[in-house]
file structure.cif (mmCIF, C-alpha atoms)
data_query
#
loop_
_atom_site.label_atom_id
_atom_site.label_comp_id
_atom_site.auth_asym_id
_atom_site.auth_seq_id
_atom_site.Cartn_x
_atom_site.Cartn_y
_atom_site.Cartn_z
CA MET P 15 20.44 9.75 -16.89
CA HIS P 16 17.60 11.43 -15.03
CA GLU P 17 20.43 13.02 -13.04
CA VAL P 18 20.54 15.76 -15.70
CA GLY P 19 16.96 16.74 -14.84
CA ILE P 20 17.66 16.41 -11.12
CA THR P 21 20.75 18.61 -11.42
CA ARG P 22 18.80 21.21 -13.39
CA SER P 23 16.28 21.28 -10.53
CA ILE P 24 19.12 21.85 -8.06
CA VAL P 25 20.35 24.80 -10.10
CA GLU P 26 16.82 26.23 -10.54
CA ILE P 27 15.96 25.99 -6.84
CA CYS P 28 19.26 27.53 -5.74
CA GLU P 29 19.15 30.36 -8.29
CA GLU P 30 15.64 31.27 -7.29
CA ASN P 31 16.57 31.35 -3.61
CA ALA P 32 19.80 33.24 -4.30
CA ARG P 33 17.87 35.93 -6.21
CA LYS P 34 15.34 36.26 -3.41
CA GLN P 35 18.23 36.83 -1.00
CA GLY P 36 19.80 39.37 -3.35
CA ALA P 37 22.96 37.29 -3.63
CA THR P 38 25.62 38.21 -6.16
CA VAL P 39 27.65 35.12 -5.58
CA VAL P 40 27.02 31.53 -4.51
CA HIS P 41 30.05 29.94 -2.80
CA SER P 42 28.66 26.49 -2.16
CA ILE P 43 25.46 24.50 -2.09
CA THR P 44 24.67 21.44 0.00
CA VAL P 45 22.40 18.74 -1.32
CA GLU P 46 21.10 15.61 0.43
CA ILE P 47 20.91 12.46 -1.67
CA GLY P 48 19.60 9.28 -0.08
CA GLU P 49 21.11 5.90 -0.99
CA LEU P 50 17.66 4.56 -1.88
CA SER P 51 16.58 7.56 -3.95
CA GLY P 52 17.66 6.07 -7.28
CA VAL P 53 19.87 9.07 -7.96
CA VAL P 54 23.60 8.53 -8.34
CA PRO P 55 25.59 11.26 -6.56
CA ASP P 56 28.58 10.89 -8.89
CA ALA P 57 26.35 11.50 -11.90
CA VAL P 58 24.93 14.65 -10.28
CA GLU P 59 28.49 15.88 -9.67
CA PHE P 60 29.31 15.11 -13.28
CA CYS P 61 26.32 17.11 -14.56
CA PHE P 62 26.68 20.05 -12.21
CA GLU P 63 29.35 21.95 -14.09
CA ALA P 64 27.40 21.87 -17.35
CA CYS P 65 24.03 22.63 -15.73
CA SER P 66 25.33 25.57 -13.69
CA LYS P 67 27.19 27.24 -16.55
CA GLY P 68 25.96 30.78 -17.16
CA THR P 69 23.96 30.85 -13.90
CA LEU P 70 24.60 32.37 -10.49
CA LEU P 71 25.87 28.94 -9.46
CA GLU P 72 28.69 28.78 -11.96
CA GLY P 73 31.86 28.01 -10.05
CA ALA P 74 30.10 27.18 -6.77
CA SER P 75 31.15 24.03 -4.90
CA LEU P 76 28.65 21.24 -4.78
CA ILE P 77 28.61 19.42 -1.44
CA ILE P 78 26.66 16.17 -1.41
CA ASP P 79 25.49 14.68 1.90
CA ARG P 80 24.81 11.00 1.30
CA VAL P 81 22.11 9.59 3.54
CA ALA P 82 22.26 5.88 4.37
CA GLY P 83 19.15 3.78 3.88
CA ARG P 84 17.35 2.72 7.06
CA GLY P 85 14.36 0.47 7.42
CA ARG P 86 11.89 -0.41 10.16
CA CYS P 87 10.21 -3.79 10.27
CA ALA P 88 6.41 -3.57 10.38
CA ALA P 89 6.29 -6.98 12.07
CA CYS P 90 8.88 -6.79 14.87
CA HIS P 91 9.49 -2.99 14.84
CA SER P 92 13.27 -3.33 14.85
CA GLU P 93 15.34 -0.87 12.82
CA CYS P 94 18.21 -1.76 10.52
CA ILE P 95 20.46 -0.53 7.74
CA MET P 96 18.59 -1.00 4.46
CA GLY P 97 20.32 -1.36 1.10
CA PRO P 98 18.52 -0.92 -2.22
CA TYR P 99 18.09 -4.70 -2.50
CA SER P 100 17.12 -5.63 1.05
CA PHE P 101 13.51 -6.08 2.02
CA GLU P 102 13.88 -8.92 4.47
CA CYS P 103 14.08 -8.00 8.15
CA PRO P 104 17.46 -9.26 9.46
CA ASP P 105 15.94 -9.82 12.92
CA CYS P 106 12.70 -11.71 12.29
CA GLY P 107 12.98 -12.62 8.58
CA SER P 108 9.65 -11.15 7.48
CA MET P 109 9.41 -9.23 4.21
CA ALA P 110 8.00 -6.20 5.96
CA LEU P 111 10.82 -3.65 5.95
CA GLN P 112 9.61 -0.12 5.41
CA ARG P 113 11.93 2.71 4.53
CA VAL P 114 12.44 5.35 7.17
CA ALA P 115 15.49 7.04 5.62
CA GLY P 116 17.37 6.99 2.35
CA ASP P 117 14.76 8.49 0.01
CA GLU P 118 16.04 12.03 0.48
CA LEU P 119 16.51 14.29 -2.54
CA ARG P 120 16.73 17.78 -1.14
CA VAL P 121 18.62 21.05 -1.44
CA LYS P 122 19.63 21.76 2.15
CA GLU P 123 21.46 25.05 2.16
CA MET P 124 23.83 27.35 0.37
CA GLU P 125 26.49 29.88 1.17
CA ILE P 126 26.06 33.23 -0.54
CA ASP P 127 27.27 36.80 -0.54
CA MET F 8 1.59 31.27 -19.99
CA CYS F 9 0.34 28.01 -18.52
CA ILE F 10 -1.64 28.48 -15.30
CA ASP F 11 -0.70 25.13 -13.78
CA CYS F 12 3.02 25.12 -14.28
CA GLY F 13 3.93 28.68 -15.22
CA CYS F 14 5.59 27.61 -18.45
CA GLY F 15 5.49 29.80 -21.51
CA PRO F 16 7.16 30.11 -24.89
CA SER F 17 9.94 32.32 -23.55
CA ASN F 18 10.43 30.42 -20.32
CA HIS F 19 12.91 27.88 -21.57
CA ASP F 20 15.46 30.12 -23.24
CA HIS F 21 15.95 32.71 -20.55
CA THR F 22 19.20 34.65 -20.46
CA HIS F 23 21.03 35.83 -17.40
CA SER F 24 22.10 39.42 -17.49
CA HIS F 25 23.71 39.56 -14.06
CA ASP F 26 27.45 39.73 -13.99
CA HIS F 27 29.55 38.62 -11.11
CA GLU F 28 33.30 38.42 -11.12
CA HIS F 29 34.88 35.41 -9.55
CA HIS F 30 37.62 36.91 -7.44
CA HIS F 31 36.50 34.97 -4.38
CA GLU F 32 37.27 31.41 -3.37
CA HIS F 33 34.35 29.04 -3.34
CA GLY F 34 33.14 26.75 -0.60
CA LYS F 35 35.60 27.77 2.07
CA GLY F 36 33.10 28.63 4.76
CA LYS F 37 32.73 32.20 3.52
CA GLY F 38 29.52 34.07 3.05
CA LYS F 39 26.11 33.78 4.60
CA THR F 40 24.49 30.36 5.00
CA VAL F 41 20.89 30.16 3.82
CA ARG F 42 18.68 27.17 4.68
CA ILE F 43 16.59 25.98 1.73
CA GLU F 44 15.24 22.47 2.52
CA GLU F 45 13.48 22.12 -0.80
CA ASP F 46 12.64 18.76 -2.34
CA LEU F 47 14.26 18.21 -5.73
CA LEU F 48 11.25 16.40 -7.09
CA GLY F 49 8.97 19.00 -5.51
CA LYS F 50 8.05 20.69 -8.78
CA ASN F 51 7.25 17.40 -10.50
CA ASN F 52 5.28 16.22 -7.46
CA ARG F 53 3.23 19.44 -7.40
CA LEU F 54 2.40 19.10 -11.09
CA ALA F 55 1.59 15.40 -10.62
CA ALA F 56 -0.81 16.34 -7.80
CA ASN F 57 -2.48 18.83 -10.17
CA ASN F 58 -2.80 16.10 -12.81
CA ARG F 59 -4.26 13.71 -10.24
CA THR F 60 -6.89 16.25 -9.15
CA ARG F 61 -7.78 16.94 -12.77
CA PHE F 62 -8.06 13.22 -13.59
CA ALA F 63 -10.28 12.65 -10.55
CA ARG F 64 -12.59 15.47 -11.61
CA HIS F 65 -13.13 13.62 -14.90
CA GLN F 66 -13.37 10.20 -13.16
CA LEU F 67 -10.50 9.10 -15.33
CA PHE F 68 -8.61 5.88 -14.53
CA VAL F 69 -4.94 6.48 -15.38
CA LEU F 70 -2.18 3.92 -15.84
CA ASN F 71 1.54 4.54 -16.30
CA LEU F 72 3.02 1.61 -18.28
CA VAL F 73 6.70 1.08 -17.63
CA SER F 74 9.18 -1.53 -18.86
CA SER F 75 12.42 -2.11 -20.72
CA PRO F 76 12.33 -1.35 -24.44
CA GLY F 77 10.84 -4.26 -26.39
CA SER F 78 8.79 -5.90 -23.62
CA GLY F 79 5.61 -5.46 -25.65
CA LYS F 80 3.90 -2.44 -24.09
CA THR F 81 2.63 -1.14 -27.41
CA SER F 82 1.52 -4.62 -28.54
CA ILE F 83 -0.41 -5.13 -25.29
CA LEU F 84 -2.06 -1.75 -25.84
CA GLU F 85 -2.97 -2.56 -29.45
CA ARG F 86 -4.65 -5.80 -28.50
CA THR F 87 -6.36 -4.27 -25.45
CA LEU F 88 -7.76 -1.38 -27.46
CA ALA F 89 -8.96 -3.72 -30.22
CA ASP F 90 -10.70 -5.99 -27.70
CA LEU F 91 -12.17 -3.40 -25.30
CA SER F 92 -12.88 -0.28 -27.37
CA ASP F 93 -16.57 -1.19 -27.61
CA GLN F 94 -16.80 -1.36 -23.78
CA LEU F 95 -14.46 1.36 -22.52
CA ARG F 96 -13.35 4.72 -23.91
CA PHE F 97 -9.56 4.95 -24.10
CA ALA F 98 -7.00 7.65 -24.76
CA VAL F 99 -3.28 6.94 -25.12
CA LEU F 100 -0.20 9.09 -24.44
CA GLU F 101 2.90 7.65 -26.07
CA GLY F 102 6.33 8.55 -24.71
CA ASP F 103 9.46 7.91 -26.77
CA GLN F 104 12.70 9.72 -27.30
CA GLN F 105 12.06 10.00 -31.03
CA THR F 106 9.57 9.02 -33.79
CA ALA F 107 5.79 8.81 -33.82
CA ASN F 108 5.91 5.09 -34.71
CA ASP F 109 4.05 3.93 -31.62
CA ALA F 110 1.38 6.63 -31.93
CA ASP F 111 0.90 5.63 -35.58
CA ARG F 112 0.36 2.01 -34.50
CA ILE F 113 -2.19 3.05 -31.85
CA ALA F 114 -3.94 5.44 -34.25
CA THR F 115 -4.88 2.52 -36.51
CA THR F 116 -7.12 1.22 -33.70
CA GLY F 117 -9.14 4.47 -33.90
CA VAL F 118 -8.37 5.44 -30.28
CA PRO F 119 -7.28 9.07 -29.63
CA VAL F 120 -3.50 9.14 -29.22
CA LYS F 121 -0.83 11.76 -28.66
CA GLN F 122 2.89 11.20 -29.08
CA ILE F 123 5.31 12.93 -26.71
CA ASN F 124 8.94 12.95 -27.82
CA THR F 125 11.28 13.46 -24.90
CA GLY F 126 14.34 14.07 -27.10
CA ALA F 127 17.35 13.32 -24.92
CA GLY F 128 15.06 12.77 -21.91
CA CYS F 129 14.81 9.28 -20.50
CA HIS F 130 11.34 9.51 -18.90
CA LEU F 131 8.04 11.34 -19.03
CA ASP F 132 7.40 13.90 -16.31
CA ALA F 133 4.21 15.36 -14.87
CA HIS F 134 4.62 18.58 -16.88
CA MET F 135 4.68 16.76 -20.24
CA VAL F 136 1.67 14.66 -19.26
CA GLY F 137 -0.32 17.68 -18.07
CA HIS F 138 0.07 19.29 -21.49
CA GLY F 139 -0.23 16.01 -23.39
CA VAL F 140 -3.75 15.31 -22.11
CA ASP F 141 -4.93 18.70 -23.37
CA ALA F 142 -5.28 16.86 -26.69
CA PHE F 143 -8.13 14.69 -25.32
CA ASP F 144 -11.74 15.19 -24.34
CA LEU F 145 -11.36 13.85 -20.80
CA ASP F 146 -15.11 13.78 -20.13
CA ALA F 147 -15.43 11.33 -23.00
CA THR F 148 -12.62 9.10 -21.70
CA ASP F 149 -12.69 6.25 -19.14
CA ILE F 150 -9.05 5.13 -19.21
CA LEU F 151 -5.89 7.05 -19.99
CA MET F 152 -2.96 4.80 -20.84
CA ILE F 153 0.42 6.49 -20.57
CA GLU F 154 3.13 4.44 -22.26
CA ASN F 155 6.35 5.67 -20.69
CA VAL F 156 9.76 5.68 -22.34
CA GLY F 157 11.19 2.14 -22.34
CA ASN F 158 13.49 2.39 -19.32
CA LEU F 159 13.40 0.54 -16.00
CA VAL F 160 15.34 3.17 -14.08
CA CYS F 161 14.33 6.80 -14.41
CA PRO F 162 10.51 6.63 -14.78
CA ALA F 163 10.34 5.10 -11.27
CA SER F 164 11.16 8.46 -9.67
CA PHE F 165 8.66 10.59 -11.59
CA ASP F 166 5.04 10.58 -10.49
CA LEU F 167 2.77 11.53 -13.40
CA GLY F 168 -0.47 11.64 -11.42
CA GLU F 169 -1.44 8.07 -12.38
CA ASP F 170 -3.56 5.67 -10.33
CA HIS F 171 -1.12 2.81 -10.84
CA LYS F 172 2.21 2.06 -12.40
CA VAL F 173 2.02 -1.16 -14.40
CA ALA F 174 5.39 -2.84 -14.99
CA VAL F 175 5.63 -5.08 -18.04
CA LEU F 176 8.30 -7.77 -18.11
CA SER F 177 8.58 -10.20 -21.00
CA VAL F 178 9.87 -13.75 -20.75
CA THR F 179 12.64 -13.04 -23.26
CA GLU F 180 14.26 -10.92 -20.53
CA GLY F 181 15.90 -12.26 -17.37
CA GLU F 182 13.61 -13.40 -14.56
CA ASP F 183 15.76 -11.45 -12.12
CA LYS F 184 14.81 -8.03 -13.54
CA PRO F 185 12.76 -7.20 -10.40
CA LEU F 186 15.92 -7.65 -8.32
CA LYS F 187 18.08 -5.71 -10.76
CA TYR F 188 15.66 -2.78 -10.97
CA PRO F 189 13.90 -2.97 -7.59
CA GLN F 190 12.77 0.68 -7.55
CA MET F 191 10.52 0.18 -10.54
CA PHE F 192 8.97 -3.05 -9.29
CA GLN F 193 8.46 -1.50 -5.87
CA ALA F 194 6.68 1.46 -7.41
CA ALA F 195 4.39 -0.74 -9.54
CA ASP F 196 1.06 -2.14 -8.30
CA LEU F 197 0.73 -4.62 -11.14
CA MET F 198 3.26 -6.64 -13.11
CA LEU F 199 2.36 -8.12 -16.46
CA ILE F 200 4.54 -11.04 -17.52
CA ASN F 201 4.21 -10.88 -21.30
CA LYS F 202 5.01 -13.23 -24.21
CA ILE F 203 4.25 -16.39 -22.21
CA ASP F 204 3.46 -18.17 -25.51
CA LEU F 205 7.27 -18.28 -25.95
CA LEU F 206 7.91 -20.13 -22.66
CA PRO F 207 8.41 -23.57 -24.28
CA TYR F 208 11.39 -22.18 -26.18
CA LEU F 209 13.06 -20.36 -23.30
CA ARG F 210 14.62 -21.11 -19.94
CA PHE F 211 12.66 -18.34 -18.17
CA ASP F 212 11.50 -19.49 -14.72
CA VAL F 213 8.08 -17.85 -14.15
CA GLU F 214 7.80 -18.90 -10.49
CA LYS F 215 11.24 -17.53 -9.71
CA CYS F 216 10.35 -14.28 -11.44
CA LYS F 217 7.20 -13.91 -9.33
CA GLN F 218 9.16 -14.72 -6.21
CA PHE F 219 11.73 -12.02 -7.05
CA ALA F 220 8.97 -9.49 -7.72
CA ARG F 221 7.30 -10.25 -4.38
CA GLN F 222 10.65 -10.05 -2.65
CA VAL F 223 10.91 -6.37 -3.60
CA ASN F 224 7.15 -5.71 -3.42
CA PRO F 225 5.13 -8.21 -1.36
CA ASP F 226 1.82 -6.63 -2.45
CA ILE F 227 2.40 -6.62 -6.22
CA ARG F 228 -0.35 -8.21 -8.32
CA ILE F 229 0.95 -10.39 -11.14
CA ILE F 230 -0.78 -11.42 -14.36
CA GLU F 231 0.81 -13.76 -16.91
CA LEU F 232 -0.33 -13.14 -20.46
CA SER F 233 0.44 -13.21 -24.14
CA CYS F 234 -0.90 -10.43 -26.32
CA HIS F 235 0.03 -12.68 -29.27
CA ASN F 236 -2.25 -15.65 -28.57
CA GLY F 237 -4.52 -13.91 -26.04
CA VAL F 238 -3.85 -16.17 -23.03
CA GLY F 239 -4.31 -14.25 -19.77
CA MET F 240 -5.67 -11.13 -21.47
CA GLU F 241 -9.12 -11.59 -19.90
CA GLU F 242 -7.62 -11.36 -16.40
CA TRP F 243 -5.94 -8.07 -17.37
CA TYR F 244 -9.21 -6.77 -18.85
CA GLU F 245 -11.04 -7.67 -15.66
CA TRP F 246 -8.46 -5.71 -13.67
CA LEU F 247 -9.00 -2.73 -15.99
CA ARG F 248 -12.80 -2.87 -15.74
CA HIS F 249 -12.56 -3.10 -11.99
CA GLY F 250 -10.22 -0.09 -11.87
CA VAL F 251 -12.59 2.03 -13.95
CA GLN F 252 -15.60 1.04 -11.82
CA ASN F 253 -13.77 1.88 -8.59
CA LYS F 254 -12.63 5.22 -9.95
CA VAL F 255 -16.11 6.24 -11.03
CA ARG F 256 -17.54 5.13 -7.68
CA ASP F 257 -14.84 6.85 -5.61
CA GLU F 258 -15.07 10.16 -7.47
CA ALA F 259 -18.83 10.24 -7.96
#

call {"tool": "encode", "arguments": {"input": "structure.cif", "output": "structure tokens"}}
result
Amino acid sequence: MHEVGITRSIVEICEENARKQGATVVHSITVEIGELSGVVPDAVEFCFEACSKGTLLEGASLIIDRVAGRGRCAACHSECIMGPYSFECPDCGSMALQRVAGDELRVKEMEID
Amino acid sequence: MCIDCGCGPSNHDHTHSHDHEHHHEHGKGKGKTVRIEEDLLGKNNRLAANNRTRFARHQLFVLNLVSSPGSGKTSILERTLADLSDQLRFAVLEGDQQTANDADRIATTGVPVKQINTGAGCHLDAHMVGHGVDAFDLDATDILMIENVGNLVCPASFDLGEDHKVAVLSVTEGEDKPLKYPQMFQAADLMLINKIDLLPYLRFDVEKCKQFARQVNPDIRIIELSCHNGVGMEEWYEWLRHGVQNKVRDEA
């Protein structure tokens, strides 16, 4: 359950930014979680209520943008959808797929007043 | 107050004195939108980079040992320390949720050791390691072994500032572990297949295991060994010696 630590980071980053902006309220926050990041969005959602309690983020909506995994083959340069278990290029069969998207773990934005 | 990470005794029990009343509705497109674009692992990665710079300054070769619980990480360390302590100067950081049992085992070899208990935490992070190594004289150390919490999931995401992750897999586990936990075997540069003295009693397919590991990480180096009867240990020691030599040369 490293999602607890990840969720705490979300809360810390957002609180810090909200304070800098002089916000009194945070309506929503948007977080990007890639499919290949090893972080389970549902677990982050589950932890968010507990981790945000007593902070500026308490009661804010958590919006999670899930980013699909994409790979590029180093051998034939074609791009494809990449799942967590796929390393073989579907076009040329070589084991040379490199991730180009899906690793994201980022706080994108928030709505404040 | 710690200079590197800004932590201090009062930092972890802060209270929030602001009060805001929730008369508004959340997440309905109200309010001002603020772009943040901040990486969630950013803090850990910054601290890991600090650790890495510090280790390089001391020409310290650092390994992060990861595996499931019970694969034999501590036993491999015990044997390695016993066999190599007259050639290389070791220090060991032990990560476990609770107990100092592993540190006690390492301490009997005479090598400096520090136990980190993560409590409910499932992995070591760069912050814990940065403080943990304060216990050692890094100028008098060639290799730092960090034994992570036995867990094939979470430690994959947390850089500690190590030179290499070393994944240990024992033959009493399934040979398909690299496929089941691909992130960890992708992140590792070396895989140790441990307990191979037990192969005659098991249906573990070593070749299949290697094939699975290379499927998720074509460049992974693999060493088969048994810290019980010593088979394969010399190859692992050679890898360690090589790593130390390269580190000293690169940072000199």

call {"tool": "closest_atom_pairs", "arguments": {"input": "structure.cif", "of": "chain P", "to": "chain F", "cutoff": "6 Å", "atoms": "all atoms listed in the file", "output": "Markdown table"}}
result
| residue | atom | partner | partner_atom | distance |
| --- | --- | --- | --- | --- |
| P:His16 | CA | F:Cys161 | CA | 5.7 |
| P:His41 | CA | F:His33 | CA | 4.4 |
| P:Ser42 | CA | F:Gly34 | CA | 4.8 |
| P:Ala74 | CA | F:His33 | CA | 5.8 |
| P:Ser75 | CA | F:Gly34 | CA | 5.5 |
| P:Leu119 | CA | F:Leu47 | CA | 5.5 |
| P:Arg120 | CA | F:Asp46 | CA | 4.4 |
| P:Val121 | CA | F:Glu45 | CA | 5.3 |
| P:Lys122 | CA | F:Glu44 | CA | 4.5 |
| P:Glu123 | CA | F:Arg42 | CA | 4.3 |
| P:Met124 | CA | F:Val41 | CA | 5.3 |
| P:Glu125 | CA | F:Thr40 | CA | 4.3 |
| P:Ile126 | CA | F:Gly38 | CA | 5.1 |
| P:Asp127 | CA | F:Gly38 | CA | 5.0 |

call {"tool": "write_last_selection", "arguments": {"input": "structure.cif", "atoms": "C-alpha atoms", "output": "PDB file, in the coordinates of the input"}}
result
ATOM      1  CA  HIS P  16      17.600  11.430 -15.030  1.00  0.00           C
ATOM      2  CA  HIS P  41      30.050  29.940  -2.800  1.00  0.00           C
ATOM      3  CA  SER P  42      28.660  26.490  -2.160  1.00  0.00           C
ATOM      4  CA  ALA P  74      30.100  27.180  -6.770  1.00  0.00           C
ATOM      5  CA  SER P  75      31.150  24.030  -4.900  1.00  0.00           C
ATOM      6  CA  LEU P 119      16.510  14.290  -2.540  1.00  0.00           C
ATOM      7  CA  ARG P 120      16.730  17.780  -1.140  1.00  0.00           C
ATOM      8  CA  VAL P 121      18.620  21.050  -1.440  1.00  0.00           C
ATOM      9  CA  LYS P 122      19.630  21.760   2.150  1.00  0.00           C
ATOM     10  CA  GLU P 123      21.460  25.050   2.160  1.00  0.00           C
ATOM     11  CA  MET P 124      23.830  27.350   0.370  1.00  0.00           C
ATOM     12  CA  GLU P 125      26.490  29.880   1.170  1.00  0.00           C
ATOM     13  CA  ILE P 126      26.060  33.230  -0.540  1.00  0.00           C
ATOM     14  CA  ASP P 127      27.270  36.800  -0.540  1.00  0.00           C
TER      15      ASP P 127
END

call {"tool": "residues_around", "arguments": {"input": "structure.cif", "residues": "P:Lys67", "least_positions_apart": "2", "cutoff": "12 Å", "atoms": "all atoms listed in the file", "output": "PDB file with C-alpha atoms, in the frame of the given file"}}
result
ATOM      1  CA  THR P  21      20.750  18.610 -11.420  1.00  0.00           C
ATOM      2  CA  ARG P  22      18.800  21.210 -13.390  1.00  0.00           C
ATOM      3  CA  VAL P  25      20.350  24.800 -10.100  1.00  0.00           C
ATOM      4  CA  GLU P  29      19.150  30.360  -8.290  1.00  0.00           C
ATOM      5  CA  CYS P  61      26.320  17.110 -14.560  1.00  0.00           C
ATOM      6  CA  PHE P  62      26.680  20.050 -12.210  1.00  0.00           C
ATOM      7  CA  GLU P  63      29.350  21.950 -14.090  1.00  0.00           C
ATOM      8  CA  ALA P  64      27.400  21.870 -17.350  1.00  0.00           C
ATOM      9  CA  CYS P  65      24.030  22.630 -15.730  1.00  0.00           C
ATOM     10  CA  THR P  69      23.960  30.850 -13.900  1.00  0.00           C
ATOM     11  CA  LEU P  70      24.600  32.370 -10.490  1.00  0.00           C
ATOM     12  CA  LEU P  71      25.870  28.940  -9.460  1.00  0.00           C
ATOM     13  CA  GLU P  72      28.690  28.780 -11.960  1.00  0.00           C
ATOM     14  CA  GLY P  73      31.860  28.010 -10.050  1.00  0.00           C
ATOM     15  CA  ALA P  74      30.100  27.180  -6.770  1.00  0.00           C
TER      16      ALA P  74
ATOM     17  CA  THR F  22      19.200  34.650 -20.460  1.00  0.00           C
ATOM     18  CA  HIS F  23      21.030  35.830 -17.400  1.00  0.00           C
TER      19      HIS F  23
END

call {"tool": "closest_residue", "arguments": {"input": "structure.cif", "among": "F:Gly139, F:Gly117, F:Gly168, F:Gly157", "to": "F:Arg53", "atoms": "only C-alpha atoms"}}
result
F:Gly168

call {"tool": "residues_near_point", "arguments": {"input": "structure.cif", "point": "(5.7, -15.6, -21.0)", "cutoff": "10 Å", "atoms": "only C-alpha atoms", "output": "list in words"}}
result
Leu176, Ser177, Val178, Thr179, Glu180, Leu199, Ile200, Asn201, Lys202, Ile203, Asp204, Leu205, Leu206, Pro207, Leu209, Phe211, Asp212, Val213, Glu231, Leu232, Ser233, Cys234 and Val238 of chain F

call {"tool": "write_last_selection", "arguments": {"input": "structure.cif", "atoms": "C-alpha atoms", "output": "PDB file, in the frame of the given file"}}
result
ATOM      1  CA  LEU F 176       8.300  -7.770 -18.110  1.00  0.00           C
ATOM      2  CA  SER F 177       8.580 -10.200 -21.000  1.00  0.00           C
ATOM      3  CA  VAL F 178       9.870 -13.750 -20.750  1.00  0.00           C
ATOM      4  CA  THR F 179      12.640 -13.040 -23.260  1.00  0.00           C
ATOM      5  CA  GLU F 180      14.260 -10.920 -20.530  1.00  0.00           C
ATOM      6  CA  LEU F 199       2.360  -8.120 -16.460  1.00  0.00           C
ATOM      7  CA  ILE F 200       4.540 -11.040 -17.520  1.00  0.00           C
ATOM      8  CA  ASN F 201       4.210 -10.880 -21.300  1.00  0.00           C
ATOM      9  CA  LYS F 202       5.010 -13.230 -24.210  1.00  0.00           C
ATOM     10  CA  ILE F 203       4.250 -16.390 -22.210  1.00  0.00           C
ATOM     11  CA  ASP F 204       3.460 -18.170 -25.510  1.00  0.00           C
ATOM     12  CA  LEU F 205       7.270 -18.280 -25.950  1.00  0.00           C
ATOM     13  CA  LEU F 206       7.910 -20.130 -22.660  1.00  0.00           C
ATOM     14  CA  PRO F 207       8.410 -23.570 -24.280  1.00  0.00           C
ATOM     15  CA  LEU F 209      13.060 -20.360 -23.300  1.00  0.00           C
ATOM     16  CA  PHE F 211      12.660 -18.340 -18.170  1.00  0.00           C
ATOM     17  CA  ASP F 212      11.500 -19.490 -14.720  1.00  0.00           C
ATOM     18  CA  VAL F 213       8.080 -17.850 -14.150  1.00  0.00           C
ATOM     19  CA  GLU F 231       0.810 -13.760 -16.910  1.00  0.00           C
ATOM     20  CA  LEU F 232      -0.330 -13.140 -20.460  1.00  0.00           C
ATOM     21  CA  SER F 233       0.440 -13.210 -24.140  1.00  0.00           C
ATOM     22  CA  CYS F 234      -0.900 -10.430 -26.320  1.00  0.00           C
ATOM     23  CA  VAL F 238      -3.850 -16.170 -23.030  1.00  0.00           C
TER      24      VAL F 238
END

call {"tool": "atom_distance", "arguments": {"input": "structure.cif", "atom1": "atom CA of F:Ile153", "atom2": "atom CA of P:Ile47"}}
result
28.5 Å

call {"tool": "axis_aligned_box", "arguments": {"input": "structure.cif", "around": "stretch 39-55 of chain P", "padding_each_side": "3 Å", "output": "lines of an AutoDock Vina configuration file"}}
result
center_x = 23.3
center_y = 19.8
center_z = -4.0
size_x = 19.5
size_y = 36.6
size_z = 14.8

call {"tool": "atom_distance", "arguments": {"input": "structure.cif", "atom1": "atom CA of P:Met109", "atom2": "atom CA of F:Leu159"}}
result
22.8 Å

call {"tool": "residues_around", "arguments": {"input": "structure.cif", "residues": "F:Ala133", "least_positions_apart": "6", "cutoff": "6 Å", "atoms": "only C-alpha atoms", "output": "list in words"}}
result
Asn51, Leu54, Ala55 and Leu167 of chain F

call {"tool": "write_last_selection", "arguments": {"input": "structure.cif", "atoms": "C-alpha atoms", "output": "PDB file, keeping the file's coordinate frame"}}
result
ATOM      1  CA  ASN F  51       7.250  17.400 -10.500  1.00  0.00           C
ATOM      2  CA  LEU F  54       2.400  19.100 -11.090  1.00  0.00           C
ATOM      3  CA  ALA F  55       1.590  15.400 -10.620  1.00  0.00           C
ATOM      4  CA  LEU F 167       2.770  11.530 -13.400  1.00  0.00           C
TER       5      LEU F 167
END

call {"tool": "closest_residue", "arguments": {"input": "structure.cif", "among": "P:Gly19, P:Lys34, P:Ser108, P:Leu76", "to": "P:Cys90", "atoms": "all atoms listed in the file"}}
result
P:Ser108
